[in-house]
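Content type compact mmCIF, C-alpha atoms, from the file target-v2.txt:
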```
# COMPACT_ATOMS: atom_id res chain seq x y z
CA MET A 285 12.40 -30.36 6.37
CA SER A 286 15.22 -31.76 8.46
CA ALA A 287 18.72 -30.30 8.25
CA THR A 288 20.01 -33.48 6.59
CA LYS A 289 19.48 -34.31 2.94
CA PRO A 290 16.21 -36.10 2.19
CA ALA A 291 16.16 -39.60 0.78
CA ILE A 292 15.02 -40.09 -2.82
CA VAL A 293 12.58 -42.87 -3.70
CA ILE A 294 12.46 -43.71 -7.42
CA VAL A 295 9.28 -45.42 -8.61
CA HIS A 296 9.76 -47.12 -11.96
CA GLY A 297 7.10 -47.37 -14.64
CA ALA A 298 5.24 -50.24 -16.28
CA TYR A 299 7.32 -53.18 -17.57
CA HIS A 300 10.50 -51.52 -16.30
CA ARG A 301 12.86 -52.58 -13.52
CA PRO A 302 15.02 -50.67 -11.03
CA ALA A 303 18.04 -51.41 -13.24
CA HIS A 304 16.66 -49.03 -15.87
CA PHE A 305 17.30 -46.22 -13.38
CA ASP A 306 20.82 -47.25 -12.32
CA GLY A 307 22.44 -44.32 -14.11
CA LEU A 308 20.04 -41.77 -12.64
CA ALA A 309 20.33 -43.24 -9.14
CA HIS A 310 24.13 -43.18 -9.37
CA LEU A 311 24.18 -39.47 -10.24
CA ILE A 312 21.97 -38.65 -7.25
CA ARG A 313 23.95 -40.83 -4.85
CA GLU A 314 27.12 -39.04 -5.98
CA GLN A 315 25.61 -35.88 -4.48
CA GLY A 316 25.32 -37.53 -1.08
CA TYR A 317 21.66 -38.59 -1.18
CA LYS A 318 20.30 -41.94 -0.11
CA VAL A 319 18.34 -43.47 -3.00
CA GLU A 320 15.87 -46.35 -2.88
CA VAL A 321 14.43 -47.95 -6.03
CA PRO A 322 11.88 -50.53 -4.89
CA VAL A 323 10.87 -53.39 -7.16
CA LEU A 324 7.19 -53.19 -8.07
CA PRO A 325 5.77 -56.71 -7.67
CA SER A 326 3.41 -56.27 -10.64
CA VAL A 327 6.40 -56.50 -13.01
CA GLY A 328 7.71 -59.97 -13.77
CA ALA A 329 5.15 -61.74 -11.58
CA ALA A 330 4.30 -65.40 -12.23
CA LYS A 331 0.65 -64.41 -12.71
CA ASP A 332 -1.69 -61.48 -12.16
CA PRO A 333 -2.72 -61.42 -8.47
CA GLY A 334 -5.85 -59.41 -9.30
CA ASP A 335 -4.86 -56.42 -7.16
CA ALA A 336 -1.46 -55.57 -8.61
CA LEU A 337 -1.86 -51.81 -8.20
CA SER A 338 -2.61 -52.17 -4.49
CA LYS A 339 0.40 -54.42 -4.03
CA ASP A 340 2.66 -51.93 -5.83
CA ALA A 341 1.32 -49.06 -3.70
CA GLU A 342 1.94 -51.01 -0.50
CA VAL A 343 5.59 -51.57 -1.44
CA ILE A 344 6.05 -47.85 -2.06
CA ALA A 345 4.29 -46.87 1.17
CA GLN A 346 6.44 -49.30 3.15
CA THR A 347 9.62 -47.98 1.51
CA ILE A 348 8.70 -44.42 2.51
CA LEU A 349 7.66 -45.53 5.99
CA SER A 350 10.98 -47.28 6.57
CA LEU A 351 12.93 -44.16 5.63
CA ALA A 352 10.64 -41.89 7.63
CA ALA A 353 10.97 -44.11 10.70
CA ASP A 354 14.70 -43.40 10.55
CA GLY A 355 13.93 -39.69 10.59
CA LYS A 356 14.56 -39.17 6.89
CA ASP A 357 12.46 -36.77 4.86
CA VAL A 358 11.60 -38.21 1.45
CA VAL A 359 11.26 -36.96 -2.12
CA VAL A 360 9.36 -39.39 -4.36
CA PHE A 361 10.22 -39.48 -8.07
CA MET A 362 7.70 -41.29 -10.30
CA HIS A 363 7.91 -42.25 -13.96
CA SER A 364 4.88 -43.08 -16.14
CA TYR A 365 2.71 -45.76 -14.43
CA GLY A 366 4.83 -45.03 -11.36
CA GLY A 367 2.71 -41.91 -10.94
CA ILE A 368 -0.36 -44.08 -10.33
CA ALA A 369 1.28 -46.54 -7.95
CA GLY A 370 3.41 -43.80 -6.39
CA GLY A 371 0.45 -41.47 -5.85
CA GLU A 372 -1.40 -44.29 -4.12
CA GLY A 373 1.64 -45.18 -2.03
CA VAL A 374 2.25 -41.59 -0.94
CA ALA A 375 -1.41 -41.11 0.04
CA MET A 376 -1.34 -44.41 1.93
CA PHE A 377 1.78 -43.35 3.82
CA CYS A 378 0.44 -39.89 4.60
CA GLN A 379 -2.81 -41.26 6.04
CA GLU A 380 -1.12 -43.92 8.13
CA ASP A 381 1.66 -41.55 9.17
CA ALA A 382 -0.86 -39.00 10.45
CA ILE A 383 -2.33 -41.72 12.67
CA LEU A 384 0.98 -43.20 13.81
CA SER A 385 2.74 -39.89 14.47
CA PRO A 386 0.22 -37.02 14.60
CA SER A 387 2.68 -34.70 16.36
CA GLY A 388 5.26 -35.13 13.61
CA HIS A 389 8.15 -35.47 16.10
CA GLY A 390 10.92 -37.94 15.32
CA GLN A 391 9.35 -38.91 12.02
CA GLY A 392 10.39 -38.05 8.49
CA ARG A 393 7.90 -36.67 5.99
CA VAL A 394 7.30 -36.67 2.24
CA VAL A 395 8.59 -33.24 1.31
CA GLY A 396 8.43 -33.34 -2.48
CA LEU A 397 6.95 -35.22 -5.42
CA VAL A 398 8.48 -35.31 -8.90
CA PHE A 399 6.46 -36.73 -11.78
CA LEU A 400 8.14 -37.59 -15.09
CA ASN A 401 5.70 -38.26 -17.96
CA ALA A 402 3.57 -39.70 -15.19
CA TYR A 403 -0.12 -40.28 -14.57
CA VAL A 404 -2.13 -38.38 -11.97
CA LEU A 405 -5.56 -40.00 -11.69
CA HIS A 406 -8.81 -39.08 -10.02
CA LYS A 407 -10.06 -41.34 -7.24
CA GLY A 408 -11.65 -44.48 -8.66
CA ASP A 409 -9.99 -44.14 -12.06
CA SER A 410 -7.42 -46.48 -13.58
CA PHE A 411 -4.81 -46.48 -16.31
CA ILE A 412 -7.26 -48.10 -18.71
CA SER A 413 -10.06 -45.64 -17.91
CA GLU A 414 -7.68 -42.74 -18.59
CA HIS A 415 -6.76 -43.99 -22.07
CA THR A 416 -10.19 -43.61 -23.66
CA PRO A 417 -10.49 -43.13 -27.44
CA GLU A 418 -11.56 -39.54 -26.79
CA LYS A 419 -8.52 -38.69 -24.69
CA ASP A 420 -5.98 -40.83 -26.51
CA PRO A 421 -6.89 -42.13 -30.00
CA LYS A 422 -3.53 -43.92 -30.20
CA ALA A 423 -4.26 -46.10 -27.16
CA SER A 424 -6.03 -48.71 -29.29
CA THR A 425 -2.76 -49.24 -31.16
CA PHE A 426 -0.66 -50.05 -28.07
CA PRO A 427 1.32 -53.17 -29.14
CA THR A 428 0.35 -55.31 -26.17
CA SER A 429 -0.55 -58.97 -25.71
CA ILE A 430 -2.00 -60.68 -22.63
CA SER A 431 -1.04 -64.21 -21.58
CA ASP A 432 -3.34 -66.80 -20.03
CA ASN A 433 -1.95 -65.92 -16.59
CA GLY A 434 -2.92 -62.27 -16.94
CA MET A 435 0.49 -60.81 -17.73
CA VAL A 436 0.84 -58.07 -20.37
CA THR A 437 3.81 -57.87 -22.73
CA PHE A 438 4.62 -54.64 -24.58
CA GLY A 439 5.67 -55.40 -28.13
CA ASP A 440 7.46 -52.33 -29.55
CA PRO A 441 9.21 -50.37 -26.79
CA ARG A 442 11.77 -48.75 -29.08
CA ALA A 443 9.07 -46.85 -30.97
CA TRP A 444 6.91 -45.98 -27.98
CA TYR A 445 9.29 -45.58 -25.04
CA TYR A 446 12.69 -44.79 -26.58
CA SER A 447 11.88 -43.01 -29.85
CA PHE A 448 14.59 -40.36 -29.40
CA THR A 449 17.02 -42.55 -27.48
CA SER A 450 20.16 -43.84 -29.18
CA PRO A 451 19.75 -47.35 -30.68
CA GLU A 452 22.35 -48.76 -28.30
CA LYS A 453 20.64 -47.43 -25.17
CA ALA A 454 17.18 -48.27 -26.51
CA ASP A 455 18.19 -51.87 -27.20
CA ALA A 456 19.79 -52.25 -23.78
CA ALA A 457 16.68 -50.88 -22.08
CA ALA A 458 14.23 -52.91 -24.17
CA VAL A 459 15.88 -56.23 -23.38
CA MET A 460 15.37 -55.61 -19.63
CA LEU A 461 11.61 -55.08 -19.87
CA GLU A 462 9.33 -57.71 -18.34
CA PRO A 463 5.60 -58.54 -18.51
CA MET A 464 3.22 -56.59 -16.26
CA ALA A 465 0.14 -57.78 -14.35
CA VAL A 466 -2.97 -56.59 -16.16
CA SER A 467 -4.69 -55.51 -12.91
CA ALA A 468 -2.05 -52.83 -12.49
CA PHE A 469 -3.79 -51.14 -15.42
CA THR A 470 -7.41 -52.01 -14.61
CA GLU A 471 -7.65 -51.75 -10.81
CA PRO A 472 -9.30 -48.45 -9.74
CA THR A 473 -7.32 -46.17 -7.48
CA ARG A 474 -8.29 -46.27 -3.82
CA TYR A 475 -7.02 -42.81 -2.96
CA GLY A 476 -6.71 -41.03 -6.29
CA GLY A 477 -3.71 -39.13 -7.59
CA VAL A 478 -4.26 -35.97 -5.55
CA GLU A 479 -5.43 -37.42 -2.23
CA TRP A 480 -2.09 -36.24 -0.84
CA ALA A 481 -2.94 -32.61 -1.78
CA GLN A 482 -4.27 -31.97 1.72
CA TYR A 483 -0.73 -32.44 3.06
CA ALA A 484 0.64 -29.46 1.08
CA ILE A 485 3.43 -31.41 -0.60
CA PRO A 486 5.14 -29.37 -3.37
CA VAL A 487 5.16 -31.00 -6.81
CA HIS A 488 7.43 -30.75 -9.85
CA TYR A 489 5.95 -32.17 -13.05
CA ILE A 490 8.42 -32.94 -15.85
CA GLY A 491 6.69 -33.45 -19.18
CA CYS A 492 8.10 -34.35 -22.58
CA ARG A 493 6.75 -32.98 -25.85
CA ARG A 494 7.99 -35.94 -27.91
CA ASP A 495 6.46 -38.62 -25.72
CA GLU A 496 4.84 -41.23 -27.99
CA THR A 497 3.19 -43.08 -25.08
CA LEU A 498 1.61 -40.35 -22.97
CA PRO A 499 0.36 -37.47 -25.18
CA LEU A 500 1.36 -33.96 -24.23
CA HIS A 501 -2.23 -32.80 -23.80
CA MET A 502 -2.81 -35.55 -21.22
CA GLN A 503 0.28 -34.49 -19.30
CA GLU A 504 -0.94 -30.89 -19.35
CA ASP A 505 -4.31 -32.09 -18.06
CA PHE A 506 -2.61 -33.84 -15.14
CA VAL A 507 -0.90 -30.59 -14.18
CA ALA A 508 -4.21 -28.72 -14.45
CA ARG A 509 -6.07 -31.19 -12.25
CA MET A 510 -3.39 -30.91 -9.56
CA GLU A 511 -3.55 -27.12 -9.67
CA LYS A 512 -7.35 -27.32 -9.41
CA ALA A 513 -6.90 -29.42 -6.27
CA GLY A 514 -4.75 -26.66 -4.75
CA VAL A 515 -1.39 -28.33 -5.30
CA ASP A 516 1.67 -26.10 -5.69
CA VAL A 517 3.01 -27.35 -9.05
CA THR A 518 6.19 -26.35 -10.85
CA SER A 519 6.32 -27.69 -14.42
CA THR A 520 9.21 -28.23 -16.82
CA TRP A 521 8.70 -29.24 -20.45
CA LEU A 522 11.47 -31.02 -22.36
CA ASP A 523 11.94 -31.96 -26.02
CA GLN A 524 12.49 -35.61 -25.10
CA ASP A 525 10.75 -38.97 -25.46
CA HIS A 526 9.04 -41.06 -22.78
CA SER A 527 12.32 -42.05 -21.12
CA PRO A 528 14.66 -39.04 -20.81
CA PHE A 529 16.35 -40.59 -17.78
CA LEU A 530 18.30 -42.66 -20.34
CA VAL A 531 19.44 -39.87 -22.67
CA ALA A 532 19.50 -36.91 -20.27
CA PRO A 533 20.08 -38.37 -16.79
CA GLU A 534 22.00 -35.30 -15.63
CA ARG A 535 19.07 -33.05 -16.49
CA ILE A 536 16.54 -35.28 -14.73
CA ALA A 537 18.82 -35.71 -11.71
CA GLY A 538 19.18 -31.94 -11.48
CA LEU A 539 15.40 -31.44 -11.48
CA ILE A 540 14.97 -34.08 -8.77
CA LEU A 541 17.63 -32.46 -6.63
CA ASP A 542 15.98 -29.07 -7.13
CA ALA A 543 12.91 -30.59 -5.51
CA ALA A 544 15.07 -31.95 -2.69
```

Produce structure tokens that represent the structure in this file.
Amino acid sequence: MSATKPAIVIVHGAYHRPAHFDGLAHLIREQGYKVEVPVLPSVGAAKDPGDALSKDAEVIAQTILSLAADGKDVVVFMHSYGGIAGGEGVAMFCQEDAILSPSGHGQGRVVGLVFLNAYVLHKGDSFISEHTPEKDPKASTFPTSISDNGMVTFGDPRAWYYSFTSPEKADAAAVMLEPMAVSAFTEPTRYGGVEWAQYAIPVHYIGCRRDETLPLHMQEDFVARMEKAGVDVTSTWLDQDHSPFLVAPERIAGLILDAA
């Protein structure tokens, strides 16, 4: 790692926008870190492009590449679906970076990954293939609807995303949500969630026991599959809902900065 502070890239989850992470980003910037929160093009699109996951991953990879080209090391923080798109983007960057700068001189690196209630998929899997009835019986009750242009709307975010968030913060967050391209959920991963394991990047997984969207046993399975792949994983388990960056931003910021 370089002597200077690494940059922090925040990857937002499904239906969310960078504005949902304004409070968290502000706390990290106050500590002297550069923070980038790229907009995932799958959210709020006019219609589903058919390869929304790939497009999201490309945006993340390019964000990392831009910072690395300036000599900045990078810590990537990923929430929920952001773990899928972020994992793809990190793997994409690492592969291209190894080709572009094999010596590693004058080029920043990804030096840490932080997952928050986030998905870590096997190669060729997708969000929808992860939420099978066997793994997640509640998945069939997700309150979603799909428009004619292939955009998914989530119908009850307060109960699923913000169940232990104050009504005021939950309402403010819910009103900012936007539809999501369905192919973000159905497109298989090209690299898989642990393709970056070969680069020995340390990982911190933050899981929440009261998450109504991503069951605790699935989060524990994600940690186990990373460990099986040889990843150095530190895990922290909180009594929070799916979106603790809203109710406990100081705690989440502290865990991110520990990784930095």

All residues 9 Å or closer to segment 304-313 of chain A, only C-alpha atoms, same chain fewer than 4 positions away omitted, as JSON, numbers by chain: {"A": [292, 294, 296, 300, 317, 318, 319, 320, 321, 457, 460, 461, 529, 530, 533, 534, 536, 537, 538, 540, 541]}

With 9 Å as the threshold, what does the neighbourhood of (17.6, -55.6, -9.1) contain in terms of residues, counting only C-alpha atoms? Coordinates are those of the file; answer as a compact mmCIF listing (two decimals) with C-alpha atoms, in the coordinates of the input.
```txt
# COMPACT_ATOMS: atom_id res chain seq x y z
CA ARG A 301 12.86 -52.58 -13.52
CA PRO A 302 15.02 -50.67 -11.03
CA ALA A 303 18.04 -51.41 -13.24
CA VAL A 321 14.43 -47.95 -6.03
CA PRO A 322 11.88 -50.53 -4.89
CA VAL A 323 10.87 -53.39 -7.16
```

Separation of atom CA of Thr497 of chain A from atom CA of Leu397 of chain A, in Å and rounded to one decimal: 21.5 Å

Counting only C-alpha atoms, the residue of A:Lys356, A:His488, A:Arg509, A:His363 that sits nearest Gly297 of chain A: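 Using only C-alpha atoms, the shortest distance to Gly297 of chain A belongs to A:His363.
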
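The shortest atom-to-atom distance to Gly434 of chain A, with only C-alpha atoms taken into account, belongs to A:Ser467 out of A:Met502, A:His415, A:Ser467, A:Tyr489.
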
Nearest-residue call for Pro499 of chain A, choices A:Asp455, A:Glu380, A:Glu414, A:Glu342, using all atoms listed in the file: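 Distance minimum relative to Pro499 of chain A lands on A:Glu414.
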
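Remark: for Arg393 of chain A, the closest of the candidate residues A:Pro421, A:Gly439, A:Gly476, A:Gly355 is A:Gly355 (distances computed over only C-alpha atoms).
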
Distance criterion (all atoms listed in the file): nearest to Ala544 of chain A out of A:Ile485, A:Leu400, A:Ala352, A:Ala458: A:Ile485

Residue among A:Met464, A:Val487, A:Ala369, A:Ala456 lying closest to Leu405 of chain A, counting only C-alpha atoms: A:Ala369

Selection near Asp420 of chain A, 12 Å with only C-alpha atoms, sequence-local residues under 3 positions removed, as an MDAnalysis selection string: chainID A and resid 411:417 423:426 496:503

Using all atoms listed in the file, which protein or nucleic acid residues come within 7 Å of Gly408 of chain A? Drop anything in the same chain fewer than 4 positions from it, and give the result as a short mmCIF file (atom, residue, chain, number, x, y, z; two decimals) with C-alpha atoms, in the frame of the given file.
```cif
data_model
loop_
_atom_site.label_atom_id
_atom_site.label_comp_id
_atom_site.auth_asym_id
_atom_site.auth_seq_id
_atom_site.Cartn_x
_atom_site.Cartn_y
_atom_site.Cartn_z
CA PRO A 472 -9.30 -48.45 -9.74
CA THR A 473 -7.32 -46.17 -7.48
CA ARG A 474 -8.29 -46.27 -3.82
CA GLY A 476 -6.71 -41.03 -6.29
#
```

Interatomic distance, atom CA of Asp332 of chain A to atom CA of Thr428 of chain A (Å, one decimal):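 According to the coordinates, atom CA of Asp332 of chain A and atom CA of Thr428 of chain A are separated by 15.4 Å.
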
Contact residues around Ser431 of chain A with all atoms listed in the file at 10 Å, ignoring same-chain residues under 2 positions, as a PyMOL selection string: chain A and resi 331-332+429+433-437+463+465-466

Atom pair atom CA of Ala345 of chain A / atom CA of Pro325 of chain A: separation (Å): 13.3 Å

Contacts of Asp525 of chain A within 12 Å, all atoms listed in the file, excl. fewer than 6 positions in-chain, as a ChimeraX atom specification: /A:364,400-401,441-450,454,490-500,531-532

Prev. selection, C-alpha atoms, output as a PDB file, in the frame of the given file:
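Contents of the output file again.pdb:
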```pdb
ATOM      1  CA  SER A 364       4.880 -43.080 -16.140  1.00  0.00           C
ATOM      2  CA  LEU A 400       8.140 -37.590 -15.090  1.00  0.00           C
ATOM      3  CA  ASN A 401       5.700 -38.260 -17.960  1.00  0.00           C
ATOM      4  CA  PRO A 441       9.210 -50.370 -26.790  1.00  0.00           C
ATOM      5  CA  ARG A 442      11.770 -48.750 -29.080  1.00  0.00           C
ATOM      6  CA  ALA A 443       9.070 -46.850 -30.970  1.00  0.00           C
ATOM      7  CA  TRP A 444       6.910 -45.980 -27.980  1.00  0.00           C
ATOM      8  CA  TYR A 445       9.290 -45.580 -25.040  1.00  0.00           C
ATOM      9  CA  TYR A 446      12.690 -44.790 -26.580  1.00  0.00           C
ATOM     10  CA  SER A 447      11.880 -43.010 -29.850  1.00  0.00           C
ATOM     11  CA  PHE A 448      14.590 -40.360 -29.400  1.00  0.00           C
ATOM     12  CA  THR A 449      17.020 -42.550 -27.480  1.00  0.00           C
ATOM     13  CA  SER A 450      20.160 -43.840 -29.180  1.00  0.00           C
ATOM     14  CA  ALA A 454      17.180 -48.270 -26.510  1.00  0.00           C
ATOM     15  CA  ILE A 490       8.420 -32.940 -15.850  1.00  0.00           C
ATOM     16  CA  GLY A 491       6.690 -33.450 -19.180  1.00  0.00           C
ATOM     17  CA  CYS A 492       8.100 -34.350 -22.580  1.00  0.00           C
ATOM     18  CA  ARG A 493       6.750 -32.980 -25.850  1.00  0.00           C
ATOM     19  CA  ARG A 494       7.990 -35.940 -27.910  1.00  0.00           C
ATOM     20  CA  ASP A 495       6.460 -38.620 -25.720  1.00  0.00           C
ATOM     21  CA  GLU A 496       4.840 -41.230 -27.990  1.00  0.00           C
ATOM     22  CA  THR A 497       3.190 -43.080 -25.080  1.00  0.00           C
ATOM     23  CA  LEU A 498       1.610 -40.350 -22.970  1.00  0.00           C
ATOM     24  CA  PRO A 499       0.360 -37.470 -25.180  1.00  0.00           C
ATOM     25  CA  LEU A 500       1.360 -33.960 -24.230  1.00  0.00           C
ATOM     26  CA  VAL A 531      19.440 -39.870 -22.670  1.00  0.00           C
ATOM     27  CA  ALA A 532      19.500 -36.910 -20.270  1.00  0.00           C
TER      28      ALA A 532
END
```
